[in-house]
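J.: Provided herewith: model-v4.pdb, PDB, C-alpha atoms, pLDDT in the B column.
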ATOM      1  CA  MET G   1       0.000   0.000   0.000  1.00 42.00           C
ATOM      2  CA  SER G   2       2.787   2.460   0.848  1.00 39.00           C
ATOM      3  CA  GLU G   3       4.330   1.876  -2.601  1.00 41.00           C
ATOM      4  CA  GLU G   4       1.113   3.158  -4.219  1.00 39.00           C
ATOM      5  CA  ILE G   5       1.194   6.316  -2.091  1.00 37.00           C
ATOM      6  CA  ASN G   6       4.830   6.948  -3.019  1.00 37.00           C
ATOM      7  CA  LYS G   7       4.020   6.513  -6.722  1.00 37.00           C
ATOM      8  CA  VAL G   8       1.234   9.087  -6.452  1.00 39.00           C
ATOM      9  CA  GLU G   9       3.541  11.535  -4.648  1.00 39.00           C
ATOM     10  CA  VAL G  10       6.262  11.071  -7.285  1.00 38.00           C
ATOM     11  CA  MET G  11       3.766  11.460 -10.129  1.00 45.00           C
ATOM     12  CA  ASN G  12       2.510  14.712  -8.591  1.00 47.00           C
ATOM     13  CA  SER G  13       5.802  16.316  -7.615  1.00 50.00           C
ATOM     14  CA  PRO G  14       5.935  20.137  -7.648  1.00 54.00           C
ATOM     15  CA  ALA G  15       8.172  19.892 -10.736  1.00 64.00           C
ATOM     16  CA  ASP G  16       5.113  18.655 -12.683  1.00 83.00           C
ATOM     17  CA  ALA G  17       3.248  21.941 -12.158  1.00 91.00           C
ATOM     18  CA  ARG G  18       2.683  23.978 -15.319  1.00 93.00           C
ATOM     19  CA  TRP G  19       0.779  27.121 -16.284  1.00 95.00           C
ATOM     20  CA  TYR G  20      -2.639  26.530 -17.872  1.00 96.00           C
ATOM     21  CA  VAL G  21      -5.111  29.040 -19.273  1.00 95.00           C
ATOM     22  CA  VAL G  22      -8.821  28.879 -18.449  1.00 95.00           C
ATOM     23  CA  HIS G  23     -11.470  30.699 -20.477  1.00 95.00           C
ATOM     24  CA  THR G  24     -14.179  32.376 -18.380  1.00 96.00           C
ATOM     25  CA  TYR G  25     -17.335  34.341 -18.904  1.00 95.00           C
ATOM     26  CA  SER G  26     -16.525  37.997 -19.477  1.00 91.00           C
ATOM     27  CA  GLY G  27     -16.261  39.847 -16.185  1.00 93.00           C
ATOM     28  CA  TYR G  28     -16.084  36.643 -14.121  1.00 94.00           C
ATOM     29  CA  GLU G  29     -12.282  36.401 -13.956  1.00 96.00           C
ATOM     30  CA  GLN G  30     -11.912  37.498 -10.315  1.00 96.00           C
ATOM     31  CA  LYS G  31     -14.923  35.409  -9.198  1.00 97.00           C
ATOM     32  CA  VAL G  32     -13.441  32.329 -10.889  1.00 97.00           C
ATOM     33  CA  LYS G  33     -10.081  32.986  -9.209  1.00 96.00           C
ATOM     34  CA  ASP G  34     -11.709  33.399  -5.792  1.00 96.00           C
ATOM     35  CA  ASN G  35     -13.936  30.299  -6.186  1.00 96.00           C
ATOM     36  CA  ILE G  36     -11.047  28.070  -7.266  1.00 96.00           C
ATOM     37  CA  ALA G  37      -8.882  29.397  -4.407  1.00 96.00           C
ATOM     38  CA  LYS G  38     -11.667  28.684  -1.897  1.00 96.00           C
ATOM     39  CA  THR G  39     -12.149  25.128  -3.224  1.00 95.00           C
ATOM     40  CA  VAL G  40      -8.396  24.481  -3.144  1.00 95.00           C
ATOM     41  CA  GLU G  41      -8.206  25.711   0.460  1.00 95.00           C
ATOM     42  CA  ASN G  42     -11.260  23.695   1.571  1.00 95.00           C
ATOM     43  CA  ARG G  43      -9.907  20.480   0.043  1.00 94.00           C
ATOM     44  CA  GLY G  44      -6.289  21.072   1.131  1.00 93.00           C
ATOM     45  CA  MET G  45      -4.996  20.949  -2.447  1.00 93.00           C
ATOM     46  CA  GLU G  46      -2.482  23.812  -2.263  1.00 93.00           C
ATOM     47  CA  HIS G  47       0.242  21.417  -3.443  1.00 93.00           C
ATOM     48  CA  LEU G  48      -1.712  20.651  -6.638  1.00 95.00           C
ATOM     49  CA  ILE G  49      -3.152  24.051  -7.580  1.00 95.00           C
ATOM     50  CA  GLN G  50      -0.378  26.395  -6.511  1.00 94.00           C
ATOM     51  CA  GLU G  51      -1.197  29.783  -8.038  1.00 93.00           C
ATOM     52  CA  ILE G  52      -4.198  31.428  -9.686  1.00 94.00           C
ATOM     53  CA  SER G  53      -3.653  34.686 -11.530  1.00 92.00           C
ATOM     54  CA  VAL G  54      -5.710  37.372 -13.234  1.00 92.00           C
ATOM     55  CA  PRO G  55      -2.892  39.581 -14.602  1.00 87.00           C
ATOM     56  CA  MET G  56      -3.594  43.302 -14.226  1.00 85.00           C
ATOM     57  CA  GLN G  57      -1.815  46.378 -15.518  1.00 82.00           C
ATOM     58  CA  ASP G  58      -1.943  50.059 -14.644  1.00 80.00           C
ATOM     59  CA  VAL G  59      -3.333  52.183 -17.473  1.00 80.00           C
ATOM     60  CA  GLU G  60      -3.766  55.950 -17.664  1.00 80.00           C
ATOM     61  CA  GLU G  61      -7.373  56.870 -18.334  1.00 84.00           C
ATOM     62  CA  THR G  62      -8.511  60.362 -19.235  1.00 85.00           C
ATOM     63  CA  LYS G  63     -12.115  61.212 -18.457  1.00 86.00           C
ATOM     64  CA  ASP G  64     -13.611  64.711 -18.415  1.00 88.00           C
ATOM     65  CA  GLY G  65     -10.121  66.180 -18.808  1.00 86.00           C
ATOM     66  CA  LYS G  66      -8.806  64.367 -15.704  1.00 88.00           C
ATOM     67  CA  THR G  67      -6.146  61.691 -15.990  1.00 86.00           C
ATOM     68  CA  LYS G  68      -5.994  58.872 -13.452  1.00 87.00           C
ATOM     69  CA  MET G  69      -4.401  55.439 -13.180  1.00 86.00           C
ATOM     70  CA  VAL G  70      -6.769  52.478 -13.344  1.00 85.00           C
ATOM     71  CA  GLN G  71      -6.223  48.720 -13.249  1.00 87.00           C
ATOM     72  CA  ARG G  72      -7.182  46.767 -16.375  1.00 88.00           C
ATOM     73  CA  LYS G  73      -7.085  43.041 -17.057  1.00 90.00           C
ATOM     74  CA  VAL G  74      -4.205  42.073 -19.345  1.00 86.00           C
ATOM     75  CA  PHE G  75      -6.159  39.071 -20.701  1.00 90.00           C
ATOM     76  CA  PRO G  76      -9.910  39.755 -20.355  1.00 94.00           C
ATOM     77  CA  GLY G  77     -11.906  36.526 -20.210  1.00 95.00           C
ATOM     78  CA  TYR G  78      -8.954  34.388 -19.077  1.00 95.00           C
ATOM     79  CA  VAL G  79      -7.479  33.136 -15.808  1.00 95.00           C
ATOM     80  CA  LEU G  80      -3.972  31.661 -15.545  1.00 95.00           C
ATOM     81  CA  ILE G  81      -3.456  28.697 -13.208  1.00 95.00           C
ATOM     82  CA  TYR G  82      -0.170  27.134 -12.093  1.00 95.00           C
ATOM     83  CA  MET G  83      -1.113  23.569 -11.265  1.00 95.00           C
ATOM     84  CA  ILE G  84      -0.361  19.890 -11.530  1.00 95.00           C
ATOM     85  CA  MET G  85      -2.810  18.521 -14.065  1.00 94.00           C
ATOM     86  CA  ASN G  86      -4.635  15.364 -13.052  1.00 94.00           C
ATOM     87  CA  ASP G  87      -8.246  14.193 -13.130  1.00 92.00           C
ATOM     88  CA  GLU G  88      -9.082  15.800  -9.778  1.00 94.00           C
ATOM     89  CA  THR G  89      -7.598  19.238 -10.529  1.00 94.00           C
ATOM     90  CA  TRP G  90      -9.111  19.232 -14.027  1.00 94.00           C
ATOM     91  CA  TYR G  91     -12.533  18.448 -12.538  1.00 93.00           C
ATOM     92  CA  ILE G  92     -12.295  21.162  -9.868  1.00 95.00           C
ATOM     93  CA  VAL G  93     -11.260  23.892 -12.312  1.00 95.00           C
ATOM     94  CA  ARG G  94     -13.547  22.824 -15.150  1.00 93.00           C
ATOM     95  CA  ASN G  95     -16.608  22.648 -12.879  1.00 94.00           C
ATOM     96  CA  THR G  96     -16.069  26.038 -11.248  1.00 95.00           C
ATOM     97  CA  ARG G  97     -18.946  28.433 -11.898  1.00 95.00           C
ATOM     98  CA  GLY G  98     -17.946  30.889 -14.664  1.00 95.00           C
ATOM     99  CA  VAL G  99     -15.340  28.630 -16.313  1.00 95.00           C
ATOM    100  CA  THR G 100     -16.209  27.777 -19.916  1.00 94.00           C
ATOM    101  CA  SER G 101     -13.155  25.664 -20.805  1.00 93.00           C
ATOM    102  CA  PHE G 102      -9.429  25.136 -20.639  1.00 94.00           C
ATOM    103  CA  VAL G 103      -7.482  26.547 -23.567  1.00 92.00           C
ATOM    104  CA  GLY G 104      -6.503  23.639 -25.803  1.00 89.00           C
ATOM    105  CA  PRO G 105      -7.988  21.327 -28.424  1.00 87.00           C
ATOM    106  CA  GLY G 106     -11.258  19.748 -27.318  1.00 76.00           C
ATOM    107  CA  SER G 107     -11.249  19.017 -23.608  1.00 71.00           C
ATOM    108  CA  LYS G 108      -7.466  18.467 -23.462  1.00 83.00           C
ATOM    109  CA  PRO G 109      -5.733  21.365 -21.652  1.00 92.00           C
ATOM    110  CA  VAL G 110      -2.409  22.429 -23.151  1.00 93.00           C
ATOM    111  CA  PRO G 111       0.142  24.002 -20.774  1.00 94.00           C
ATOM    112  CA  LEU G 112       1.888  27.220 -21.726  1.00 91.00           C
ATOM    113  CA  THR G 113       5.416  26.821 -23.049  1.00 89.00           C
ATOM    114  CA  ASP G 114       8.324  28.314 -21.092  1.00 83.00           C
ATOM    115  CA  MET G 115       8.708  30.947 -23.820  1.00 80.00           C
ATOM    116  CA  GLU G 116       5.032  31.947 -23.521  1.00 83.00           C
ATOM    117  CA  VAL G 117       5.338  32.177 -19.736  1.00 82.00           C
ATOM    118  CA  ARG G 118       8.404  34.450 -20.018  1.00 73.00           C
ATOM    119  CA  ALA G 119       6.728  36.606 -22.678  1.00 73.00           C
ATOM    120  CA  MET G 120       3.696  37.113 -20.433  1.00 75.00           C
ATOM    121  CA  GLY G 121       5.869  37.970 -17.454  1.00 67.00           C
ATOM    122  CA  ILE G 122       4.230  35.418 -15.173  1.00 70.00           C
ATOM    123  CA  GLY G 123       5.591  32.685 -12.997  1.00 59.00           C
ATOM    124  CA  GLY G 124       8.650  34.474 -11.765  1.00 54.00           C
ATOM    125  CA  LYS G 125       9.934  37.526 -10.072  1.00 48.00           C
ATOM    126  CA  ALA G 126      10.200  40.668 -12.151  1.00 47.00           C
ATOM    127  CA  GLU G 127      13.845  41.543 -12.670  1.00 51.00           C
ATOM    128  CA  GLU G 128      15.033  44.842 -11.286  1.00 57.00           C
ATOM    129  CA  LEU G 129      17.052  46.898 -13.741  1.00 66.00           C
ATOM    130  CA  ASP G 130      19.182  49.897 -12.826  1.00 80.00           C
ATOM    131  CA  LEU G 131      17.590  52.057 -15.542  1.00 84.00           C
ATOM    132  CA  GLU G 132      15.273  55.021 -15.618  1.00 87.00           C
ATOM    133  CA  LEU G 133      13.422  56.706 -18.441  1.00 89.00           C
ATOM    134  CA  GLY G 134      15.783  58.961 -20.374  1.00 90.00           C
ATOM    135  CA  ASP G 135      18.973  57.065 -19.410  1.00 92.00           C
ATOM    136  CA  SER G 136      21.593  56.608 -22.132  1.00 93.00           C
ATOM    137  CA  VAL G 137      22.312  53.005 -23.103  1.00 93.00           C
ATOM    138  CA  ARG G 138      24.589  51.197 -25.542  1.00 94.00           C
ATOM    139  CA  VAL G 139      23.253  48.242 -27.525  1.00 93.00           C
ATOM    140  CA  VAL G 140      25.649  45.308 -27.001  1.00 92.00           C
ATOM    141  CA  ALA G 141      23.990  42.595 -29.109  1.00 88.00           C
ATOM    142  CA  GLY G 142      21.805  42.118 -32.153  1.00 86.00           C
ATOM    143  CA  PRO G 143      21.572  44.096 -35.384  1.00 89.00           C
ATOM    144  CA  PHE G 144      21.865  47.452 -33.572  1.00 91.00           C
ATOM    145  CA  ALA G 145      25.054  46.544 -31.663  1.00 90.00           C
ATOM    146  CA  ASP G 146      27.242  49.553 -30.741  1.00 92.00           C
ATOM    147  CA  SER G 147      24.338  51.987 -31.245  1.00 93.00           C
ATOM    148  CA  VAL G 148      23.637  54.473 -28.468  1.00 94.00           C
ATOM    149  CA  GLY G 149      20.185  55.706 -27.527  1.00 94.00           C
ATOM    150  CA  HIS G 150      17.878  56.871 -24.748  1.00 93.00           C
ATOM    151  CA  VAL G 151      15.404  54.726 -22.810  1.00 93.00           C
ATOM    152  CA  LYS G 152      11.837  55.626 -23.723  1.00 93.00           C
ATOM    153  CA  GLU G 153       9.956  52.783 -21.990  1.00 90.00           C
ATOM    154  CA  ILE G 154      10.750  49.953 -19.528  1.00 86.00           C
ATOM    155  CA  ASN G 155       8.727  46.731 -19.266  1.00 80.00           C
ATOM    156  CA  THR G 156      10.071  44.536 -16.446  1.00 74.00           C
ATOM    157  CA  ASN G 157       7.441  41.834 -17.018  1.00 66.00           C
ATOM    158  CA  LYS G 158       8.478  41.269 -20.636  1.00 72.00           C
ATOM    159  CA  ARG G 159      12.136  41.933 -19.734  1.00 75.00           C
ATOM    160  CA  CYS G 160      12.505  44.551 -22.457  1.00 83.00           C
ATOM    161  CA  VAL G 161      13.043  48.270 -22.987  1.00 89.00           C
ATOM    162  CA  VAL G 162      12.132  50.616 -25.809  1.00 92.00           C
ATOM    163  CA  VAL G 163      15.140  52.693 -26.794  1.00 94.00           C
ATOM    164  CA  ASN G 164      15.166  55.635 -29.209  1.00 94.00           C
ATOM    165  CA  LEU G 165      18.035  54.973 -31.628  1.00 94.00           C
ATOM    166  CA  SER G 166      19.218  57.194 -34.448  1.00 91.00           C
ATOM    167  CA  ILE G 167      18.692  55.122 -37.594  1.00 89.00           C
ATOM    168  CA  PHE G 168      19.346  56.825 -40.940  1.00 89.00           C
ATOM    169  CA  GLY G 169      19.317  60.156 -39.138  1.00 88.00           C
ATOM    170  CA  ARG G 170      15.885  59.662 -37.561  1.00 92.00           C
ATOM    171  CA  GLU G 171      14.935  58.842 -33.974  1.00 92.00           C
ATOM    172  CA  THR G 172      13.409  55.360 -34.131  1.00 93.00           C
ATOM    173  CA  PRO G 173      11.953  53.427 -31.165  1.00 94.00           C
ATOM    174  CA  VAL G 174      13.422  49.902 -30.951  1.00 93.00           C
ATOM    175  CA  GLU G 175      12.344  47.199 -28.473  1.00 92.00           C
ATOM    176  CA  LEU G 176      15.344  45.427 -26.951  1.00 90.00           C
ATOM    177  CA  ASP G 177      15.802  42.690 -24.369  1.00 85.00           C
ATOM    178  CA  PHE G 178      17.490  43.556 -21.044  1.00 85.00           C
ATOM    179  CA  THR G 179      20.474  41.430 -22.106  1.00 83.00           C
ATOM    180  CA  GLU G 180      21.008  43.482 -25.279  1.00 88.00           C
ATOM    181  CA  ILE G 181      21.818  46.776 -23.545  1.00 91.00           C
ATOM    182  CA  ASP G 182      24.294  48.315 -21.105  1.00 90.00           C
ATOM    183  CA  LYS G 183      23.786  51.563 -19.216  1.00 90.00           C
ATOM    184  CA  ILE G 184      26.296  54.249 -20.096  1.00 89.00           C
TER     185      ILE G 184
END
Now, as a test, write the supplied structure out as structure tokens.

T.:
Amino acid sequence: MSEEINKVEVMNSPADARWYVVHTYSGYEQKVKDNIAKTVENRGMEHLIQEISVPMQDVEETKDGKTKMVQRKVFPGYVLIYMIMNDETWYIVRNTRGVTSFVGPGSKPVPLTDMEVRAMGIGGKAEELDLELGDSVRVVAGPFADSVGHVKEINTNKRCVVVNLSIFGRETPVELDFTEIDKI
């Protein structure tokens, strides 16, 4: 009997956890997140469903001449879940009120690739970069190597910056990875 328990524990090791995307009814993202979290807590399944995310971003909104920062969903209608996929976790997520389906062909959920996870800026800590808007940087890799420009935008989640480079005598915004630049 103890061999069976050990097999189950090995099959469901934390290394098996992957990011999955769940489609929800519009406007139900936070309710779905809260309901899944409550079910996970009630059933003591924190080791199987480890993180539930509704990515948000700050956006400037101008209304009646007044500008203010508001939070907007990055992926409206979707919830991201870091979990170990098995019959029980699939059932819990799929049968949560407001969930329409997992993203994937038919009823087979497909986990996000590592590249997709990095591009979305989820599943890890945002890297701190010693840069500010307007700083001068030198491009150290890629087709614009040895070019010098000024930082126009910083996106720590995507691990990239937008730098204004002089190309053919014109200021041109170019998106570069953190690894492609050095601060001057």

J.: Enumerate, as a PDB file with C-alpha atoms, in the frame of the given file, the protein, DNA and RNA residues whose atoms approach (-20.8, 32.0, -11.0) to within 10 Å, taking into account only C-alpha atoms and the coordinate frame of the file.

T.:
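What ended up in point_32.pdb:
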ATOM      1  CA  THR G  24     -14.179  32.376 -18.380  1.00 96.00           C
ATOM      2  CA  TYR G  25     -17.335  34.341 -18.904  1.00 95.00           C
ATOM      3  CA  TYR G  28     -16.084  36.643 -14.121  1.00 94.00           C
ATOM      4  CA  LYS G  31     -14.923  35.409  -9.198  1.00 97.00           C
ATOM      5  CA  VAL G  32     -13.441  32.329 -10.889  1.00 97.00           C
ATOM      6  CA  ASN G  35     -13.936  30.299  -6.186  1.00 96.00           C
ATOM      7  CA  THR G  96     -16.069  26.038 -11.248  1.00 95.00           C
ATOM      8  CA  ARG G  97     -18.946  28.433 -11.898  1.00 95.00           C
ATOM      9  CA  GLY G  98     -17.946  30.889 -14.664  1.00 95.00           C
ATOM     10  CA  VAL G  99     -15.340  28.630 -16.313  1.00 95.00           C
TER      11      VAL G  99
END

J.: I would like the residues chosen by the PyMOL selection byres ((chain G and resi 78) around 9) on the shown file; could you give them as a VMD selection string?

T.: chain G and resid 21 to 26 28 to 29 54 75 to 77 79 to 80

J.: Let me make sure I understand: among G:Lys158, G:His47, G:Arg138, G:Lys152, which one has the smallest atom-to-atom distance to Ile181 in chain G if we use all atoms listed in the file?

T.: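 Of G:Lys158, G:His47, G:Arg138, G:Lys152, the one nearest Ile181 in chain G, counting all atoms listed in the file, is G:Arg138.
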
J.: Could you write out as a VMD selection string the residues that the PyMOL selection byres ((chain G and resi 162) around 12) matches in the shown file?

T.: chain G and resid 131 to 137 139 149 to 156 158 to 161 163 to 165 171 to 178 180 to 181

J.: Can you write just those residues out, C-alpha atoms, as a CSV table (one decimal), in the coordinates of the input?

T.:
chain,number,residue,atom,x,y,z
G,131,LEU,CA,17.6,52.1,-15.5
G,132,GLU,CA,15.3,55.0,-15.6
G,133,LEU,CA,13.4,56.7,-18.4
G,134,GLY,CA,15.8,59.0,-20.4
G,135,ASP,CA,19.0,57.1,-19.4
G,136,SER,CA,21.6,56.6,-22.1
G,137,VAL,CA,22.3,53.0,-23.1
G,139,VAL,CA,23.3,48.2,-27.5
G,149,GLY,CA,20.2,55.7,-27.5
G,150,HIS,CA,17.9,56.9,-24.7
G,151,VAL,CA,15.4,54.7,-22.8
G,152,LYS,CA,11.8,55.6,-23.7
G,153,GLU,CA,10.0,52.8,-22.0
G,154,ILE,CA,10.8,50.0,-19.5
G,155,ASN,CA,8.7,46.7,-19.3
G,156,THR,CA,10.1,44.5,-16.4
G,158,LYS,CA,8.5,41.3,-20.6
G,159,ARG,CA,12.1,41.9,-19.7
G,160,CYS,CA,12.5,44.6,-22.5
G,161,VAL,CA,13.0,48.3,-23.0
G,163,VAL,CA,15.1,52.7,-26.8
G,164,ASN,CA,15.2,55.6,-29.2
G,165,LEU,CA,18.0,55.0,-31.6
G,171,GLU,CA,14.9,58.8,-34.0
G,172,THR,CA,13.4,55.4,-34.1
G,173,PRO,CA,12.0,53.4,-31.2
G,174,VAL,CA,13.4,49.9,-31.0
G,175,GLU,CA,12.3,47.2,-28.5
G,176,LEU,CA,15.3,45.4,-27.0
G,177,ASP,CA,15.8,42.7,-24.4
G,178,PHE,CA,17.5,43.6,-21.0
G,180,GLU,CA,21.0,43.5,-25.3
G,181,ILE,CA,21.8,46.8,-23.5

J.: Pick from G:Met120, G:Val59, G:Leu48, G:Ala37: nearest to Tyr82 in chain G, with all atoms listed in the file counted?

T.: G:Leu48

J.: Quick one: which residues end up in the PyMOL selection byres ((chain G and resi 83) around 8) for this structure, as a count of residues only?

T.: 13

J.: Have a look at CA of Glu60 in chain G and CA of Arg72 in chain G and let me know their distance in Å, one decimal.

T.: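 Between CA of Glu60 in chain G and CA of Arg72 in chain G the gap works out to 9.9 Å.
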
J.: Could you work out how far CA of Gly44 in chain G lies from CA of Asn95 in chain G, giving the answer in Å with one decimal?

T.: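 It comes out at 17.5 Å.
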
J.: What separation in Å, quoted to one decimal, exists between CA of Glu88 in chain G and CA of Thr100 in chain G?

T.: 17.2 Å

J.: May I ask which of the residues G:Gln57, G:Thr62, G:Asn86, G:Thr113 is the closest one to Val74 in chain G, counting only C-alpha atoms?

T.: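 Closest to Val74 in chain G, using only C-alpha atoms: G:Gln57.
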